[in-house]
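Structure, as structure tokens:
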Amino acid sequence: MPLAMASKITLAGMSHQLPPPSPEALKHSGELTSLIRQRIRDAGGWIRFGDYMDLALYAPGLGYYSAGSTKFGEGGDFVTAPELSALFSRCIAGQCREVLAQMDSGVILELGAGTGRMAADILLELEALDALPAQYLILELSADLRARQQQTLEQRAPQLADRVEWQNQLPQEPLPAVILANEVIDALPVERFSISDDGLMELGVSCSASGFAWAAQPAGQDLSSAVDELQALLGQGLPAGLTSEIRLRLPAWMTALAHSLQQGLLLFIDYGLSRREYYAEARSTGTLRCHYRHRAHADPFVWPGLQDITAWVDFSQLADAAEQAHLQVSGYTTQANFLIGAGLDRQLERAAGADLTARVDQAGQARRLVMPGEMGETFKAMALTRGPVTLPSGFAGKDLRRTL
């Protein structure tokens, strides 16, 4: 989910290089490992990597996002932009105000709200702007994260907590809304594949003496069709030896999400690339990464349930899925361009009256958000719209849609 906060470590002897989990955490991981082993046995000894990733992240009560370990911030495994600085959420709030002002009774729907920090900071900023939405909805399936979000809102914005309502599923009736998804798509399961001398191979998961292992078999029809379509869109074959991933579930997910939007904006912010960049020969091992206590590595089978598993976003695929779901791809740019257009400089000016230490801290936070070597270029922002909606100011600058 996050941008790595430390240098990547080598895979050799990796479990010895990572900080050891507590006995309680190892017990928890062992329970999830047993569940996944049983699923593999029930499936005849092999499951798709997407199914493994789904269990490792979302198995009820055991998956990384379903259980109670600390994930966000300095004491967790990674830092997201809302945790890094309230400047990020205040800029998002301004974008929400611009879009909500164009609709009657518009709401905000946040997908996967993390600690609740972004929701609290957005609501506080909208309160200051006298632009509070009728409701702030949060789609959160994790009972643990929901409890943390409720606690954050009660602590940071108690006067606004009653405007927040948690959802177990997407709204069944389309809403006039701004839908926010910050670092959500990168955690959607992916399927892994490789181009070998034997053709297209799917990399799934089997059991091993130490836990789990990669196991290749000829790709099934759905993956083969998806890779054929990918190569047609690229206008060339994928290079031999390439190993990468693809989100086969993304189109169906986008269709369901689009059904929830009657009029308004879908705002995605995530780390990712265009299709041509994503599948370039220079990226021959794909983008799959794991995050554990601010260390990034590439082995998804280490301590299931205790580490995040993620892959970068193919924003070209996201745009295609949006258009298939009858949404307009209205904007695409870097996080740096987006935040600058959304008024990051004005947010910094508001800190001018604060003490010098606070001003220096905020300036440092802003640099992390926009500098190319930090989040500024790696992260992208995409705006999808439906109905008569004027694009918010964050997309008034450099338009990168031509690169998709």
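By convention here, the chains of the structure tokens are called A, B, ... in the order presented, each chain's residues are numbered starting at 1, and ligands are numbered starting at 1 in the order presented.
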
- Which parts of range 207-332 of chain A does DSSP call strand (DSSP E or B) when run on the backbone here, written out as a ChimeraX atom specification? /A:207-208,211-218,243-246,261-273,289-292,295-297,308-310,313-314,328-332

- Message: So that I can check the surroundings of Tyr58 in chain A, please list as a list of chain:residue names every protein, DNA and RNA residue that reaches within 9 Å of it, counting only C-alpha atoms and ignoring chain neighbours fewer than 4 positions away.
- Response: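 Returned residues: A:Met53, A:Asp54, A:Leu62, A:Gly63, A:Tyr64, A:Tyr65, A:Ser66, A:Ala67, A:Leu141, A:Ser142, A:Gly305.
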
Using the selection just defined, write its residues with C-alpha atoms as a PDB file, in the first residue's frame.
ATOM      1  CA  MET A  53      -3.259 -12.424  -1.717  1.00  0.00           C
ATOM      2  CA  ASP A  54      -6.959 -12.111  -0.933  1.00  0.00           C
ATOM      3  CA  LEU A  62      -6.809 -13.199  10.283  1.00  0.00           C
ATOM      4  CA  GLY A  63      -5.851 -11.257   7.145  1.00  0.00           C
ATOM      5  CA  TYR A  64      -3.496  -8.297   7.345  1.00  0.00           C
ATOM      6  CA  TYR A  65      -6.261  -5.707   6.991  1.00  0.00           C
ATOM      7  CA  SER A  66      -8.797  -7.683   9.016  1.00  0.00           C
ATOM      8  CA  ALA A  67      -6.742  -8.237  12.172  1.00  0.00           C
ATOM      9  CA  LEU A 141     -14.964  -4.198   6.027  1.00  0.00           C
ATOM     10  CA  SER A 142     -12.401  -4.541   8.813  1.00  0.00           C
ATOM     11  CA  GLY A 305      -1.066 -11.797   7.852  1.00  0.00           C
TER      12      GLY A 305
END

- Query: Can you list, as a PyMOL selection string, every protein, DNA or RNA residue that comes within 8 Å of Glu377 in chain A when you count only C-alpha atoms, leaving out same-chain residues fewer than 4 positions away?
  - Reply: chain A and resi 334-336+370-373

Keeping C-alpha atoms for every residue in the selection just given, could you write it to a file as an mmCIF file, in the first residue's frame?
data_model
loop_
_atom_site.group_PDB
_atom_site.id
_atom_site.type_symbol
_atom_site.label_atom_id
_atom_site.label_comp_id
_atom_site.auth_asym_id
_atom_site.auth_seq_id
_atom_site.Cartn_x
_atom_site.Cartn_y
_atom_site.Cartn_z
ATOM 1 C CA THR A 334 1.072 13.371 -10.769
ATOM 2 C CA GLN A 335 0.375 13.834 -7.070
ATOM 3 C CA ALA A 336 2.703 16.840 -7.100
ATOM 4 C CA VAL A 370 5.516 16.678 -3.914
ATOM 5 C CA MET A 371 9.228 16.021 -4.495
ATOM 6 C CA PRO A 372 10.036 13.600 -7.362
ATOM 7 C CA GLY A 373 12.242 11.451 -5.144
#

- Determine which residues of range 184-354 of chain A DSSP labels as alpha helix (DSSP H) from the backbone of this structure, then write them out as JSON, numbers by chain. {"A": [221, 222, 223, 224, 225, 226, 227, 228, 229, 230, 231, 232, 233, 234, 250, 251, 252, 253, 254, 255, 256, 257, 258, 259, 275, 276, 277, 278, 315, 316, 317, 318, 319, 320, 321, 322, 323, 324, 335, 336, 337, 338, 339, 340, 341, 344, 345, 346, 347, 348, 349]}

Just N, CA and C atoms for this one: save the residues we selected as a short mmCIF file (atom, residue, chain, number, x, y, z; two decimals), in the first residue's frame.
data_model
loop_
_atom_site.label_atom_id
_atom_site.label_comp_id
_atom_site.auth_asym_id
_atom_site.auth_seq_id
_atom_site.Cartn_x
_atom_site.Cartn_y
_atom_site.Cartn_z
N GLN A 221 -7.73 -19.75 -19.40
CA GLN A 221 -8.31 -18.97 -20.48
C GLN A 221 -8.44 -17.49 -20.13
N ASP A 222 -8.88 -17.19 -18.89
CA ASP A 222 -9.11 -15.78 -18.56
C ASP A 222 -7.80 -14.99 -18.53
N LEU A 223 -6.74 -15.58 -17.97
CA LEU A 223 -5.46 -14.89 -17.93
C LEU A 223 -4.87 -14.79 -19.34
N SER A 224 -4.98 -15.87 -20.11
CA SER A 224 -4.45 -15.84 -21.48
C SER A 224 -5.13 -14.75 -22.31
N SER A 225 -6.44 -14.64 -22.17
CA SER A 225 -7.17 -13.61 -22.92
C SER A 225 -6.76 -12.22 -22.48
N ALA A 226 -6.59 -12.04 -21.17
CA ALA A 226 -6.20 -10.73 -20.65
C ALA A 226 -4.81 -10.33 -21.14
N VAL A 227 -3.87 -11.28 -21.17
CA VAL A 227 -2.51 -10.97 -21.63
C VAL A 227 -2.50 -10.74 -23.13
N ASP A 228 -3.31 -11.49 -23.88
CA ASP A 228 -3.43 -11.24 -25.32
C ASP A 228 -3.94 -9.83 -25.58
N GLU A 229 -4.96 -9.43 -24.83
CA GLU A 229 -5.50 -8.08 -24.99
C GLU A 229 -4.46 -7.03 -24.59
N LEU A 230 -3.72 -7.31 -23.54
CA LEU A 230 -2.68 -6.40 -23.09
C LEU A 230 -1.64 -6.19 -24.20
N GLN A 231 -1.21 -7.28 -24.83
CA GLN A 231 -0.20 -7.16 -25.89
C GLN A 231 -0.76 -6.43 -27.10
N ALA A 232 -2.04 -6.64 -27.38
CA ALA A 232 -2.66 -5.92 -28.50
C ALA A 232 -2.70 -4.41 -28.22
N LEU A 233 -3.00 -4.05 -26.98
CA LEU A 233 -3.04 -2.63 -26.61
C LEU A 233 -1.65 -2.01 -26.63
N LEU A 234 -0.64 -2.80 -26.26
CA LEU A 234 0.74 -2.33 -26.31
C LEU A 234 1.26 -2.24 -27.75
N LEU A 250 -10.26 -6.14 -11.60
CA LEU A 250 -10.48 -4.70 -11.61
C LEU A 250 -11.73 -4.28 -12.41
N PRO A 251 -11.98 -4.80 -13.61
CA PRO A 251 -13.17 -4.35 -14.35
C PRO A 251 -14.48 -4.58 -13.60
N ALA A 252 -14.64 -5.75 -12.99
CA ALA A 252 -15.87 -6.02 -12.24
C ALA A 252 -15.98 -5.10 -11.03
N TRP A 253 -14.85 -4.87 -10.36
CA TRP A 253 -14.84 -3.97 -9.20
C TRP A 253 -15.23 -2.56 -9.62
N MET A 254 -14.70 -2.10 -10.73
CA MET A 254 -15.01 -0.75 -11.21
C MET A 254 -16.47 -0.63 -11.62
N THR A 255 -17.01 -1.66 -12.23
CA THR A 255 -18.43 -1.64 -12.62
C THR A 255 -19.31 -1.49 -11.39
N ALA A 256 -19.02 -2.24 -10.33
CA ALA A 256 -19.80 -2.13 -9.10
C ALA A 256 -19.66 -0.75 -8.48
N LEU A 257 -18.44 -0.22 -8.51
CA LEU A 257 -18.22 1.10 -7.93
C LEU A 257 -18.94 2.18 -8.74
N ALA A 258 -18.89 2.08 -10.04
CA ALA A 258 -19.55 3.07 -10.90
C ALA A 258 -21.06 3.09 -10.67
N HIS A 259 -21.62 1.92 -10.36
CA HIS A 259 -23.06 1.84 -10.10
C HIS A 259 -23.46 2.68 -8.90
N ARG A 275 0.33 1.89 -18.79
CA ARG A 275 0.51 0.50 -19.26
C ARG A 275 1.89 0.31 -19.90
N ARG A 276 2.28 1.24 -20.74
CA ARG A 276 3.55 1.09 -21.46
C ARG A 276 4.74 1.11 -20.49
N GLU A 277 4.66 1.94 -19.45
CA GLU A 277 5.72 1.98 -18.44
C GLU A 277 5.69 0.73 -17.57
N TYR A 278 4.50 0.30 -17.22
CA TYR A 278 4.32 -0.82 -16.30
C TYR A 278 4.96 -2.10 -16.85
N PHE A 315 -2.50 2.43 -14.44
CA PHE A 315 -3.54 3.44 -14.59
C PHE A 315 -4.21 3.38 -15.97
N SER A 316 -3.55 2.80 -16.95
CA SER A 316 -4.21 2.61 -18.24
C SER A 316 -5.33 1.58 -18.10
N GLN A 317 -5.08 0.50 -17.37
CA GLN A 317 -6.12 -0.48 -17.13
C GLN A 317 -7.27 0.14 -16.34
N LEU A 318 -6.93 0.98 -15.34
CA LEU A 318 -7.97 1.64 -14.56
C LEU A 318 -8.83 2.53 -15.45
N ALA A 319 -8.19 3.28 -16.36
CA ALA A 319 -8.94 4.14 -17.27
C ALA A 319 -9.84 3.32 -18.19
N ASP A 320 -9.33 2.21 -18.72
CA ASP A 320 -10.14 1.36 -19.59
C ASP A 320 -11.35 0.81 -18.83
N ALA A 321 -11.12 0.34 -17.60
CA ALA A 321 -12.22 -0.20 -16.81
C ALA A 321 -13.26 0.87 -16.52
N ALA A 322 -12.81 2.10 -16.29
CA ALA A 322 -13.74 3.20 -16.03
C ALA A 322 -14.61 3.48 -17.25
N GLU A 323 -13.99 3.52 -18.42
CA GLU A 323 -14.76 3.80 -19.62
C GLU A 323 -15.75 2.67 -19.92
N GLN A 324 -15.36 1.44 -19.66
CA GLN A 324 -16.28 0.32 -19.84
C GLN A 324 -17.46 0.41 -18.88
N GLN A 335 0.83 13.31 -8.36
CA GLN A 335 0.38 13.83 -7.07
C GLN A 335 0.91 15.25 -6.85
N ALA A 336 2.14 15.51 -7.27
CA ALA A 336 2.70 16.84 -7.10
C ALA A 336 1.87 17.88 -7.83
N ASN A 337 1.58 17.63 -9.12
CA ASN A 337 0.77 18.58 -9.88
C ASN A 337 -0.61 18.74 -9.28
N PHE A 338 -1.18 17.64 -8.84
CA PHE A 338 -2.52 17.68 -8.26
C PHE A 338 -2.56 18.54 -7.00
N LEU A 339 -1.63 18.30 -6.07
CA LEU A 339 -1.64 19.03 -4.80
C LEU A 339 -1.33 20.51 -5.01
N ILE A 340 -0.42 20.81 -5.92
CA ILE A 340 -0.12 22.21 -6.20
C ILE A 340 -1.34 22.91 -6.78
N GLY A 341 -2.02 22.24 -7.72
CA GLY A 341 -3.24 22.81 -8.29
C GLY A 341 -4.36 22.93 -7.27
N LEU A 344 -1.88 23.66 -2.39
CA LEU A 344 -0.93 23.32 -1.33
C LEU A 344 -0.20 24.56 -0.82
N ASP A 345 0.11 25.50 -1.72
CA ASP A 345 0.80 26.71 -1.29
C ASP A 345 -0.05 27.53 -0.33
N ARG A 346 -1.36 27.58 -0.58
CA ARG A 346 -2.25 28.32 0.32
C ARG A 346 -2.32 27.65 1.69
N GLN A 347 -2.30 26.33 1.69
CA GLN A 347 -2.30 25.62 2.96
C GLN A 347 -1.03 25.92 3.76
N LEU A 348 0.09 26.03 3.07
CA LEU A 348 1.33 26.36 3.75
C LEU A 348 1.31 27.79 4.29
N GLU A 349 0.69 28.70 3.54
CA GLU A 349 0.60 30.09 4.00
C GLU A 349 -0.19 30.19 5.30
#

Which residues of range 213-291 of chain A come within 12 Å of range 81-86 of chain A, and for each one, what is the closest pair of atoms and their distance in Å to one decimal, counting only C-alpha atoms, sorted by chain and residue number, as JSON lines?
{"residue": "A:Ile269", "atom": "CA", "partner": "A:Ala81", "partner_atom": "CA", "distance": 9.9}
{"residue": "A:Asp270", "atom": "CA", "partner": "A:Ala81", "partner_atom": "CA", "distance": 10.1}
{"residue": "A:Tyr271", "atom": "CA", "partner": "A:Ala81", "partner_atom": "CA", "distance": 11.4}

- Query: Of the residues A:Tyr279, A:Ile138, A:Asp42, A:Ala119, which is the one nearest to Gln236 in chain A, using only C-alpha atoms?
  - Reply: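 Result for the nearest residue to Gln236 in chain A: A:Tyr279.
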
- Item | Selection: 12 Å around Leu57 in chain A, only C-alpha atoms, excl. self and same-chain fewer than 6 positions, as a ChimeraX atom specification | /A:1,29,32,36,50-51,63-67,71,141-142,186-189,290,300-301,303-310

Could you save those same residues with N, CA and C atoms as a compact mmCIF listing (two decimals), in the first residue's frame?
# COMPACT_ATOMS: atom_id res chain seq x y z
N MET A 1 0.79 -1.21 0.00
CA MET A 1 0.00 0.00 0.00
C MET A 1 0.84 1.27 0.00
N SER A 29 -0.02 -15.49 12.70
CA SER A 29 0.39 -15.84 11.35
C SER A 29 0.26 -17.34 11.11
N LEU A 32 -3.33 -18.21 10.23
CA LEU A 32 -3.66 -17.87 8.84
C LEU A 32 -2.96 -18.82 7.88
N ILE A 36 -4.71 -21.05 4.89
CA ILE A 36 -4.33 -21.02 3.48
C ILE A 36 -3.88 -22.40 3.01
N GLY A 50 -3.78 -14.48 -6.80
CA GLY A 50 -4.81 -13.55 -6.37
C GLY A 50 -5.62 -14.08 -5.22
N ASP A 51 -5.88 -15.39 -5.21
CA ASP A 51 -6.61 -15.99 -4.09
C ASP A 51 -5.75 -16.01 -2.83
N GLY A 63 -6.58 -11.95 8.19
CA GLY A 63 -5.85 -11.26 7.14
C GLY A 63 -5.24 -9.96 7.65
N TYR A 64 -4.26 -9.47 6.92
CA TYR A 64 -3.50 -8.30 7.35
C TYR A 64 -4.41 -7.11 7.65
N TYR A 65 -5.37 -6.85 6.78
CA TYR A 65 -6.26 -5.71 6.99
C TYR A 65 -7.46 -6.04 7.86
N SER A 66 -7.65 -7.28 8.20
CA SER A 66 -8.80 -7.68 9.02
C SER A 66 -8.45 -7.85 10.48
N ALA A 67 -7.16 -7.96 10.79
CA ALA A 67 -6.74 -8.24 12.17
C ALA A 67 -6.27 -6.96 12.85
N LYS A 71 -0.74 -0.87 11.52
CA LYS A 71 -0.30 -0.89 10.13
C LYS A 71 0.23 0.45 9.67
N LEU A 141 -14.57 -2.84 5.69
CA LEU A 141 -14.96 -4.20 6.03
C LEU A 141 -14.26 -4.72 7.27
N SER A 142 -13.16 -4.09 7.65
CA SER A 142 -12.40 -4.54 8.81
C SER A 142 -13.00 -3.97 10.09
N ASP A 186 -3.95 -0.44 -5.12
CA ASP A 186 -2.72 -1.21 -5.02
C ASP A 186 -2.89 -2.45 -4.16
N ALA A 187 -3.90 -2.47 -3.28
CA ALA A 187 -4.14 -3.62 -2.41
C ALA A 187 -5.20 -4.57 -2.97
N LEU A 188 -5.72 -4.29 -4.18
CA LEU A 188 -6.61 -5.25 -4.83
C LEU A 188 -5.77 -6.42 -5.34
N PRO A 189 -6.23 -7.65 -5.15
CA PRO A 189 -5.42 -8.81 -5.55
C PRO A 189 -5.04 -8.79 -7.03
N CYS A 290 6.18 -6.16 -0.72
CA CYS A 290 5.62 -6.39 0.62
C CYS A 290 6.23 -5.36 1.55
N PRO A 300 6.11 -12.54 -0.75
CA PRO A 300 4.78 -12.47 -0.14
C PRO A 300 4.47 -13.63 0.81
N PHE A 301 5.40 -14.58 0.94
CA PHE A 301 5.14 -15.76 1.75
C PHE A 301 5.75 -15.68 3.15
N TRP A 303 5.62 -14.67 6.81
CA TRP A 303 4.68 -14.33 7.88
C TRP A 303 3.33 -13.83 7.36
N PRO A 304 2.55 -14.68 6.68
CA PRO A 304 1.25 -14.26 6.18
C PRO A 304 0.41 -13.61 7.28
N GLY A 305 -0.22 -12.52 6.91
CA GLY A 305 -1.07 -11.80 7.85
C GLY A 305 -0.35 -10.72 8.63
N LEU A 306 0.99 -10.72 8.60
CA LEU A 306 1.76 -9.73 9.35
C LEU A 306 2.38 -8.66 8.45
N GLN A 307 2.28 -8.81 7.15
CA GLN A 307 2.87 -7.85 6.24
C GLN A 307 1.86 -7.47 5.15
N ASP A 308 2.03 -6.27 4.65
CA ASP A 308 1.21 -5.82 3.52
C ASP A 308 1.75 -6.42 2.24
N ILE A 309 0.86 -6.73 1.31
CA ILE A 309 1.24 -7.20 -0.02
C ILE A 309 0.59 -6.26 -1.02
N THR A 310 1.36 -5.78 -1.97
CA THR A 310 0.86 -4.74 -2.86
C THR A 310 1.49 -4.86 -4.24

- Query: For Arg293 in chain A, which residue among A:Trp312, A:Val79, A:Glu173, A:Arg41 is the nearest when counting only C-alpha atoms?
  - Reply: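 Of A:Trp312, A:Val79, A:Glu173, A:Arg41, the one nearest Arg293 in chain A, counting only C-alpha atoms, is A:Val79.
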
- Item | Of the listed residues A:Ala161, A:Ile122, A:Leu100, A:Leu288, that which approaches Glu191 in chain A most closely, counting only C-alpha atoms | A:Leu288

- Query: So which residues touch Ser206 in chain A within 9 Å, counting only C-alpha atoms, skipping near sequence neighbours fewer than 6 positions away, as a PyMOL selection string?
  - Reply: chain A and resi 37+40-41+45-47+212-215

Suppose we keep C-alpha atoms; can you now write the selection as a PDB file, in the first residue's frame?
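File produced: out11.pdb:
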ATOM      1  CA  ARG A  37      -2.720 -24.487   3.521  1.00  0.00           C
ATOM      2  CA  ILE A  40      -4.533 -25.141  -1.195  1.00  0.00           C
ATOM      3  CA  ARG A  41      -5.139 -28.786  -0.251  1.00  0.00           C
ATOM      4  CA  GLY A  45      -2.349 -28.453  -4.276  1.00  0.00           C
ATOM      5  CA  TRP A  46      -2.342 -25.106  -6.127  1.00  0.00           C
ATOM      6  CA  ILE A  47      -4.219 -21.808  -5.934  1.00  0.00           C
ATOM      7  CA  PHE A 212       4.434 -21.566   0.634  1.00  0.00           C
ATOM      8  CA  ALA A 213       6.195 -21.439  -2.711  1.00  0.00           C
ATOM      9  CA  TRP A 214       5.652 -20.192  -6.237  1.00  0.00           C
ATOM     10  CA  ALA A 215       4.361 -22.860  -8.610  1.00  0.00           C
TER      11      ALA A 215
END

- Message: Considering only C-alpha atoms, can you say which of A:Gly204, A:Thr115, A:Tyr332, A:Leu109 comes closest to Ser260 in chain A?
- Response: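 Of A:Gly204, A:Thr115, A:Tyr332, A:Leu109, the one nearest Ser260 in chain A, counting only C-alpha atoms, is A:Leu109.
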
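Shortest atom-to-atom contact with Gln365 in chain A among A:Leu87, A:Leu55, A:Leu126, A:Cys207: A:Leu87, counting only C-alpha atoms.
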
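Coordinates place CA of Ala134 in chain A at a distance of 7.3 Å from CA of Arg163 in chain A.
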
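Rounded to one decimal, CA of Leu261 in chain A and CA of Val313 in chain A lie 21.9 Å from each other.
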
- Message: Need the shell around Leu400 in chain A: protein/DNA/RNA residues with any atom at most 10 Å away, counting only C-alpha atoms. Skip same-chain ones fewer than 2 positions apart. Format as a PyMOL selection string?
- Response: chain A and resi 274+331-334+380-382+395+397-398+402-404

Please produce an output containing N, CA and C atoms for each residue in the selection, written as a PDB file, in the first residue's frame.
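Resulting contents of part_2.pdb:
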ATOM      1  N   SER A 274       1.624   4.186 -16.335  1.00  0.00           N
ATOM      2  CA  SER A 274       0.826   3.860 -17.507  1.00  0.00           C
ATOM      3  C   SER A 274       1.153   2.433 -17.943  1.00  0.00           C
ATOM      4  N   GLY A 331      -9.378  13.426 -15.785  1.00  0.00           N
ATOM      5  CA  GLY A 331      -8.100  13.983 -15.374  1.00  0.00           C
ATOM      6  C   GLY A 331      -7.132  12.910 -14.925  1.00  0.00           C
ATOM      7  N   TYR A 332      -5.849  13.157 -15.207  1.00  0.00           N
ATOM      8  CA  TYR A 332      -4.790  12.247 -14.773  1.00  0.00           C
ATOM      9  C   TYR A 332      -3.512  13.050 -14.691  1.00  0.00           C
ATOM     10  N   THR A 333      -2.877  13.059 -13.530  1.00  0.00           N
ATOM     11  CA  THR A 333      -1.662  13.827 -13.348  1.00  0.00           C
ATOM     12  C   THR A 333      -0.866  13.263 -12.183  1.00  0.00           C
ATOM     13  N   THR A 334       0.289  13.828 -11.910  1.00  0.00           N
ATOM     14  CA  THR A 334       1.072  13.371 -10.769  1.00  0.00           C
ATOM     15  C   THR A 334       0.494  13.943  -9.477  1.00  0.00           C
ATOM     16  N   LYS A 380       0.155   9.031  -8.534  1.00  0.00           N
ATOM     17  CA  LYS A 380      -0.642   9.708  -9.539  1.00  0.00           C
ATOM     18  C   LYS A 380      -2.057   9.946  -9.003  1.00  0.00           C
ATOM     19  N   ALA A 381      -2.728  10.921  -9.601  1.00  0.00           N
ATOM     20  CA  ALA A 381      -4.122  11.207  -9.268  1.00  0.00           C
ATOM     21  C   ALA A 381      -4.953  11.076 -10.537  1.00  0.00           C
ATOM     22  N   MET A 382      -6.077  10.376 -10.437  1.00  0.00           N
ATOM     23  CA  MET A 382      -6.987  10.208 -11.573  1.00  0.00           C
ATOM     24  C   MET A 382      -8.388  10.621 -11.166  1.00  0.00           C
ATOM     25  N   PHE A 395      -6.717  19.385 -11.121  1.00  0.00           N
ATOM     26  CA  PHE A 395      -6.425  18.839 -12.443  1.00  0.00           C
ATOM     27  C   PHE A 395      -6.309  19.929 -13.502  1.00  0.00           C
ATOM     28  N   GLY A 397      -3.703  21.764 -14.054  1.00  0.00           N
ATOM     29  CA  GLY A 397      -2.333  21.880 -14.554  1.00  0.00           C
ATOM     30  C   GLY A 397      -2.007  20.839 -15.597  1.00  0.00           C
ATOM     31  N   LYS A 398      -0.900  20.161 -15.414  1.00  0.00           N
ATOM     32  CA  LYS A 398      -0.392  19.223 -16.408  1.00  0.00           C
ATOM     33  C   LYS A 398      -1.306  18.021 -16.560  1.00  0.00           C
ATOM     34  N   ARG A 402      -2.759  11.700 -22.079  1.00  0.00           N
ATOM     35  CA  ARG A 402      -2.211  11.237 -23.355  1.00  0.00           C
ATOM     36  C   ARG A 402      -1.224  10.089 -23.162  1.00  0.00           C
ATOM     37  N   THR A 403      -0.686   9.932 -21.972  1.00  0.00           N
ATOM     38  CA  THR A 403       0.296   8.871 -21.708  1.00  0.00           C
ATOM     39  C   THR A 403      -0.352   7.545 -21.389  1.00  0.00           C
ATOM     40  N   LEU A 404      -1.649   7.520 -21.179  1.00  0.00           N
ATOM     41  CA  LEU A 404      -2.328   6.298 -20.748  1.00  0.00           C
ATOM     42  C   LEU A 404      -2.398   5.270 -21.877  1.00  0.00           C
TER      43      LEU A 404
END

- Give me, please, the distance in Å between CA of Gly116 in chain A and CA of Ser393 in chain A, quoted to one decimal. 24.7 Å
